[in-house]
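Engineer: Hey, dropping my_file_28.txt in here, compact mmCIF, C-alpha atoms:
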# COMPACT_ATOMS: atom_id res chain seq x y z
CA MET D 39 18.02 -13.66 7.88
CA SER D 40 15.53 -15.63 9.99
CA ARG D 41 11.84 -14.71 9.87
CA ARG D 42 11.84 -13.85 13.58
CA PHE D 43 14.90 -11.60 13.26
CA ALA D 44 13.57 -10.00 10.07
CA PHE D 45 10.27 -9.20 11.76
CA ALA D 46 12.04 -7.71 14.79
CA PHE D 47 14.30 -5.68 12.50
CA CYS D 48 11.28 -4.29 10.62
CA CYS D 49 9.66 -3.29 13.91
CA TRP D 50 12.88 -1.60 15.07
CA MET D 51 13.20 0.32 11.81
CA ILE D 52 9.64 1.57 12.11
CA ALA D 53 10.00 2.47 15.80
CA THR D 54 13.23 4.41 15.27
CA ALA D 55 12.23 6.14 12.03
CA PRO D 56 12.20 9.95 12.01
CA ALA D 57 8.89 11.69 12.64
CA THR D 58 7.97 12.12 9.01
CA ALA D 59 4.86 11.01 7.16
CA GLN D 60 5.45 7.77 5.29
CA VAL D 61 3.63 6.37 2.30
CA ILE D 62 2.03 3.12 3.48
CA GLU D 63 2.70 0.69 0.62
CA CYS D 64 2.43 -2.62 2.46
CA PRO D 65 -0.20 -3.86 4.91
CA GLY D 66 1.17 -4.18 8.41
CA ALA D 67 0.99 -7.60 10.05
CA LEU D 68 -1.52 -8.13 12.85
CA PRO D 69 -1.04 -10.40 15.91
CA ALA D 70 -1.50 -14.05 15.04
CA ALA D 71 -1.00 -15.87 18.34
CA HIS D 72 -3.16 -16.69 21.36
CA LEU D 73 -6.48 -15.90 19.70
CA GLU D 74 -9.75 -17.79 19.90
CA LYS D 75 -11.14 -19.01 16.58
CA GLU D 76 -13.67 -16.17 16.19
CA GLN D 77 -11.01 -13.60 17.02
CA THR D 78 -8.57 -15.21 14.58
CA ILE D 79 -11.15 -15.04 11.80
CA LYS D 80 -11.76 -11.35 12.48
CA VAL D 81 -8.05 -10.54 12.53
CA ALA D 82 -7.50 -12.55 9.33
CA GLU D 83 -10.37 -10.71 7.64
CA ARG D 84 -8.90 -7.35 8.64
CA LEU D 85 -5.47 -8.26 7.31
CA LEU D 86 -6.96 -9.73 4.14
CA GLY D 87 -8.80 -6.45 3.58
CA ARG D 88 -5.54 -4.50 3.95
CA PHE D 89 -3.79 -6.92 1.63
CA SER D 90 -6.52 -6.57 -1.00
CA ALA D 91 -6.22 -2.79 -0.83
CA ALA D 92 -2.44 -3.04 -1.18
CA LEU D 93 -2.88 -5.12 -4.33
CA GLY D 94 -4.99 -2.34 -5.81
CA LEU D 95 -2.45 0.25 -4.71
CA HIS D 96 0.20 -1.55 -6.77
CA GLY D 97 -1.99 -2.05 -9.82
CA LEU D 98 -2.93 -5.68 -9.24
CA LYS D 99 -6.45 -7.04 -9.36
CA ALA D 100 -8.34 -7.54 -6.13
CA ILE D 101 -8.92 -10.98 -4.67
CA ASP D 102 -12.13 -12.71 -3.60
CA GLU D 103 -11.87 -12.15 0.14
CA ILE D 104 -15.11 -13.92 1.02
CA ALA D 105 -14.16 -17.06 -0.87
CA ILE D 106 -10.72 -17.13 0.73
CA VAL D 107 -12.09 -16.78 4.27
CA GLU D 108 -14.58 -19.57 3.56
CA VAL D 109 -11.79 -21.90 2.50
CA TYR D 110 -9.93 -21.24 5.76
CA TRP D 111 -13.00 -21.08 8.00
CA ASP D 112 -12.03 -24.14 10.03
CA GLN D 113 -8.33 -23.22 10.18
CA PRO D 114 -8.15 -19.41 10.07
CA GLU D 115 -4.77 -19.42 11.82
CA GLN D 116 -3.24 -20.87 8.64
CA LEU D 117 -4.53 -17.96 6.57
CA LEU D 118 -3.37 -15.45 9.17
CA THR D 119 0.10 -17.00 9.31
CA LYS D 120 0.48 -16.93 5.52
CA LEU D 121 -0.75 -13.35 5.24
CA THR D 122 1.55 -12.29 8.08
CA TYR D 123 4.52 -13.82 6.30
CA LEU D 124 3.46 -12.12 3.07
CA THR D 125 3.25 -8.69 4.70
CA LEU D 126 6.69 -9.25 6.23
CA GLN D 127 8.17 -9.95 2.81
CA CYS D 128 6.57 -6.77 1.51
CA GLN D 129 7.89 -4.72 4.44
CA MET D 130 11.40 -6.03 3.86
CA VAL D 131 11.35 -4.53 0.35
CA LEU D 132 10.71 -1.12 1.87
CA LEU D 133 13.91 -1.31 3.92
CA ASP D 134 15.97 -0.87 0.74
CA SER D 135 16.25 2.92 0.73
CA SER D 136 18.39 2.86 -2.42
CA MET D 137 15.39 2.04 -4.61
CA THR D 138 13.49 4.64 -6.57
CA ALA D 139 9.74 4.81 -6.01
CA ASP D 140 9.06 3.00 -9.29
CA ALA D 141 11.64 0.30 -8.59
CA ARG D 142 10.22 -0.22 -5.12
CA ARG D 143 6.68 -0.60 -6.41
CA GLN D 144 7.86 -3.08 -9.00
CA ALA D 145 9.67 -5.06 -6.30
CA VAL D 146 6.53 -5.09 -4.17
CA ARG D 147 4.48 -6.28 -7.13
CA ARG D 148 6.99 -9.08 -7.59
CA VAL D 149 6.46 -10.15 -3.96
CA PHE D 150 2.71 -10.13 -4.47
CA LEU D 151 2.96 -12.02 -7.75
CA ASP D 152 5.09 -14.69 -6.10
CA TYR D 153 2.31 -15.50 -3.66
CA VAL D 154 -0.97 -14.34 -5.18
CA LEU D 155 -1.06 -15.21 -8.86
CA LYS D 156 -2.23 -18.68 -9.70
CA PRO D 157 0.58 -21.11 -10.54
CA ALA D 158 0.86 -23.28 -13.63
CA ASP D 159 -2.19 -25.23 -12.42
CA PRO D 160 -5.11 -23.28 -13.99
CA SER D 161 -7.50 -24.60 -11.34
CA ALA D 162 -5.72 -22.57 -8.61
CA ALA D 163 -7.66 -19.37 -9.13
CA SER D 164 -7.60 -17.76 -5.69
CA LEU D 165 -5.13 -16.87 -2.97
CA ALA D 166 -6.51 -19.69 -0.84
CA ALA D 167 -5.95 -22.32 -3.52
CA TYR D 168 -2.60 -20.83 -4.44
CA VAL D 169 -1.11 -20.74 -0.97
CA ASN D 170 -2.35 -24.28 -0.42
CA SER D 171 -0.48 -25.31 -3.55
CA VAL D 172 2.69 -23.58 -2.35
CA ALA D 173 2.39 -25.20 1.07
CA THR D 174 1.97 -28.62 -0.56
CA ASN D 175 4.74 -28.64 -3.14
CA GLY D 176 6.85 -25.60 -2.23
CA LYS D 177 6.51 -24.08 -5.69
CA ALA D 178 5.39 -20.61 -6.65
CA LEU D 179 4.90 -19.48 -10.23
CA ALA D 180 6.29 -21.77 -12.90
CA GLY D 181 9.83 -20.40 -12.99
CA GLN D 182 11.41 -16.97 -12.95
CA GLU D 183 10.53 -16.42 -16.60
CA GLY D 184 6.84 -16.65 -15.76
CA ILE D 185 7.16 -14.03 -13.06
CA ASP D 186 9.20 -11.69 -15.26
CA ALA D 187 6.69 -12.01 -18.11
CA GLU D 188 3.81 -11.23 -15.80
CA ILE D 189 5.64 -8.23 -14.34
CA GLU D 190 6.24 -6.88 -17.84
CA ARG D 191 2.58 -7.35 -18.79
CA ILE D 192 1.38 -5.55 -15.68
CA GLU D 193 3.86 -2.70 -16.13
CA ALA D 194 2.70 -2.26 -19.74
CA ASP D 195 -0.96 -2.21 -18.69
CA LEU D 196 -0.26 0.28 -15.91
CA ALA D 197 1.65 2.62 -18.20
CA GLN D 198 -1.46 2.94 -20.38
CA SER D 199 -3.98 3.22 -17.55
CA ALA D 200 -5.71 6.45 -16.58
CA ARG D 201 -4.83 5.77 -12.96
CA TRP D 202 -1.09 5.67 -13.54
CA GLN D 203 -1.30 8.76 -15.73
CA TRP D 204 -2.98 10.43 -12.75
CA ALA D 205 -0.13 9.29 -10.49
CA GLU D 206 2.51 10.65 -12.86
CA ARG D 207 0.79 14.03 -13.09
CA TRP D 208 -0.24 14.64 -9.50
CA PHE D 209 2.32 12.77 -7.38
CA ILE D 210 5.69 14.51 -7.52
CA ASP D 211 8.79 12.95 -5.96
CA LEU D 212 10.52 15.35 -3.58
CA LEU D 213 13.95 15.25 -5.20
CA PRO D 214 16.74 17.74 -4.33
CA ARG D 215 16.52 20.95 -6.33
CA GLU D 216 19.70 22.31 -7.86
CA ASP D 217 18.38 25.88 -7.92
CA GLY D 218 18.16 25.94 -4.11
CA LYS D 219 14.47 26.92 -4.17
CA PRO D 220 12.08 25.34 -1.66
CA HIS D 221 10.29 22.21 -2.71
CA ARG D 222 6.62 22.17 -3.57
CA ARG D 223 5.08 20.26 -0.71
CA TRP D 224 1.30 20.57 -0.90
CA SER D 225 -0.88 17.45 -0.79
CA VAL D 226 -4.58 17.01 -1.52
CA ILE D 227 -6.18 14.98 1.26
CA ILE D 228 -9.63 13.46 0.85
CA ALA D 229 -9.85 11.61 4.16
CA SER D 230 -8.07 11.64 7.52
CA PRO D 231 -8.85 8.27 9.11
CA ARG D 232 -7.94 7.94 12.74
CA TYR D 233 -6.14 4.59 12.57
CA GLU D 234 -4.30 2.49 10.00
CA ASP D 235 -7.12 -0.07 9.84
CA GLU D 236 -9.55 2.69 8.91
CA GLY D 237 -7.04 4.05 6.42
CA TRP D 238 -6.79 0.76 4.51
CA THR D 239 -10.59 0.43 4.53
CA ALA D 240 -11.02 3.94 3.14
CA LEU D 241 -8.29 3.42 0.54
CA ARG D 242 -9.90 0.25 -0.74
CA ASP D 243 -13.31 1.94 -0.91
CA TYR D 244 -11.97 4.89 -2.92
CA GLN D 245 -9.96 2.62 -5.24
CA THR D 246 -13.11 0.66 -6.02
CA ARG D 247 -15.38 3.65 -6.56
CA TRP D 248 -12.93 5.80 -8.56
CA PRO D 249 -10.66 3.36 -10.48
CA ASP D 250 -9.20 6.11 -12.70
CA VAL D 251 -7.91 8.11 -9.73
CA HIS D 252 -4.70 7.13 -7.94
CA PHE D 253 -4.94 7.12 -4.15
CA GLU D 254 -2.18 6.62 -1.60
CA LEU D 255 -2.18 6.21 2.16
CA ASP D 256 0.17 8.36 4.24
CA GLY D 257 1.09 7.63 7.83
CA PRO D 258 0.94 10.34 10.52
CA PHE D 259 3.54 13.09 10.31
CA ASP D 260 3.45 13.44 14.08
CA LEU D 261 4.07 10.08 15.78
CA GLU D 262 1.82 11.21 18.64
CA SER D 263 -1.12 11.61 16.26
CA PRO D 264 -3.23 8.61 15.22
CA HIS D 265 -4.44 10.28 12.01
CA TYR D 266 -3.49 8.91 8.60
CA ALA D 267 -4.26 10.56 5.26
CA VAL D 268 -5.73 9.27 2.01
CA VAL D 269 -4.20 11.51 -0.66
CA VAL D 270 -4.81 12.02 -4.37
CA GLY D 271 -1.76 14.21 -5.00
CA ARG D 272 1.55 15.04 -3.33
CA GLY D 273 4.55 17.36 -3.82
CA LEU D 274 2.50 20.08 -5.53
CA GLY D 275 2.65 23.85 -5.56
CA GLN D 276 -0.26 25.57 -3.82
CA ASN D 277 -1.97 26.74 -7.03
CA THR D 278 -1.69 23.25 -8.54
CA ALA D 279 -3.05 21.70 -5.35
CA ASP D 280 -6.01 24.08 -5.45
CA GLN D 281 -6.71 23.06 -9.05
CA LEU D 282 -6.55 19.37 -8.17
CA LEU D 283 -8.84 19.92 -5.19
CA GLU D 284 -11.52 21.42 -7.43
CA ARG D 285 -11.03 18.58 -9.90
CA VAL D 286 -11.57 15.80 -7.36
CA LYS D 287 -14.60 17.53 -5.88
CA ALA D 288 -16.11 17.76 -9.37
CA LYS D 289 -15.63 13.99 -9.65
CA GLY D 290 -17.80 13.49 -6.59
CA LEU D 291 -15.04 12.86 -4.07
CA PRO D 292 -15.65 14.18 -0.53
CA ALA D 293 -16.69 17.82 -0.35
CA ASP D 294 -14.57 18.29 2.77
CA ALA D 295 -11.34 17.33 0.97
CA TYR D 296 -8.57 19.84 1.60
CA ILE D 297 -5.00 20.79 0.76
CA TRP D 298 -2.18 20.48 3.29
CA ARG D 299 1.37 21.77 3.33
CA ALA D 300 3.96 19.32 4.62
CA PRO D 301 6.51 20.75 7.05
CA ALA D 302 9.89 21.47 5.51
CA LYS D 303 11.69 18.88 7.64
CA GLU D 304 9.77 16.16 5.80
CA GLU D 305 11.87 17.01 2.76
CA GLY D 306 15.09 17.24 4.69
CA ASP D 307 15.99 20.61 3.14
CA GLY D 308 15.66 22.65 6.35
CA ASN D 309 13.80 25.38 4.48
CA ASN D 310 10.62 26.73 6.04
CA SER D 311 9.44 28.68 3.02
As structure tokens, how would this structure be written, given the file I've shared?
Structural biologist:
Amino acid sequence: MSRRFAFAFCCWMIATAPATAQVIECPGALPAAHLEKEQTIKVAERLLGRFSAALGLHGLKAIDEIAIVEVYWDQPEQLLTKLTYLTLQCQMVLLDSSMTADARRQAVRRVFLDYVLKPADPSAASLAAYVNSVATNGKALAGQEGIDAEIERIEADLAQSARWQWAERWFIDLLPREDGKPHRRWSVIIASPRYEDEGWTALRDYQTRWPDVHFELDGPFDLESPHYAVVVGRGLGQNTADQLLERVKAKGLPADAYIWRAPAKEEGDGNNS
């Protein structure tokens, strides 16, 4: 599949998707062509900020954004092109609807590891140095074994982290219920940013300030609404959502956080109860 066709296919999938809120796991690419240098730098910085937040979302360490922008200051279009390609690879993972949530996150981490982690050369310590190395010699990490070993190490660290324990407790997958009862579909929302850019900025800020809490970014349920949602729990019963709301407020998270009940059609069960 060519890059141009893959990008067009991703856009078509997003445009024709049903009007249901989606978890935003990958940063969306921003326009990279026909920009003056100052505009290109600003767009690259915005995308780099989204990308850094996405790394945190998937349990990977943040990158030094300032240092990376400085490296590409004279040729920001190169950074923007590489980040755009990276986000496309991430988006392509999301098209595989057969994956479980855990498998999808692991696949996304693998994409990130392919392009972000330093290669065998220990001097390549940043994204800027790493992508330069890839562009020069066409090599990513030193072999598939290196990537697999790093994936296993990260998965082991995540399994023991307070943040992933939070995710397991307060984020419930909306799987079909054999008893025919309606799904629990309450979320705890701590921010409702108006646009995706603002959503990624808020997500990164919360991830930094409360590293033991797991945050996710949801897209608008209504395609005519620009509002996104930064959530700390999903798929909960109302009483459980109320308990979580009090818990996050006690941690110092926004006092205007609230619980929200997703419409039944988001689950696909056709039940309004």
Engineer: How many Å lie between atom CA of D:Ser199 and atom CA of D:Gly97, rounded to one decimal?
Structural biologist: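 Going from atom CA of D:Ser199 over to atom CA of D:Gly97 covers 9.6 Å.
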Engineer: Pick the closest to D:Gln113 from D:Ala82, D:Ala67, D:Val61, D:Ala295: which is it, counting all atoms listed in the file?
Structural biologist: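 Looking only at the distances to D:Gln113, the closest residue turns out to be D:Ala82.
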Engineer: Figure out the distance between atom CA of D:Ala91 and atom CA of D:Tyr296, please, to one decimal in Å.
Structural biologist: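 Here the two named atoms are 22.9 Å from each other.
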Engineer: One decimal, Å: what's the distance from atom CA of D:Thr125 over to atom CA of D:Gly66, could you say?
Structural biologist: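 Between atom CA of D:Thr125 and atom CA of D:Gly66 the gap works out to 6.2 Å.
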Engineer: Using all atoms listed in the file, which residue out of D:Thr78, D:Thr122, D:Ser225, D:Gln127 lies closest to D:Thr278?
Structural biologist: D:Ser225
Engineer: Hey, which of D:Ile189, D:Ala300, D:Val226, D:Ile104 ends up closest to D:Leu282? Count all atoms listed in the file.
Structural biologist: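 Of all the options, D:Val226 lies closest to D:Leu282.
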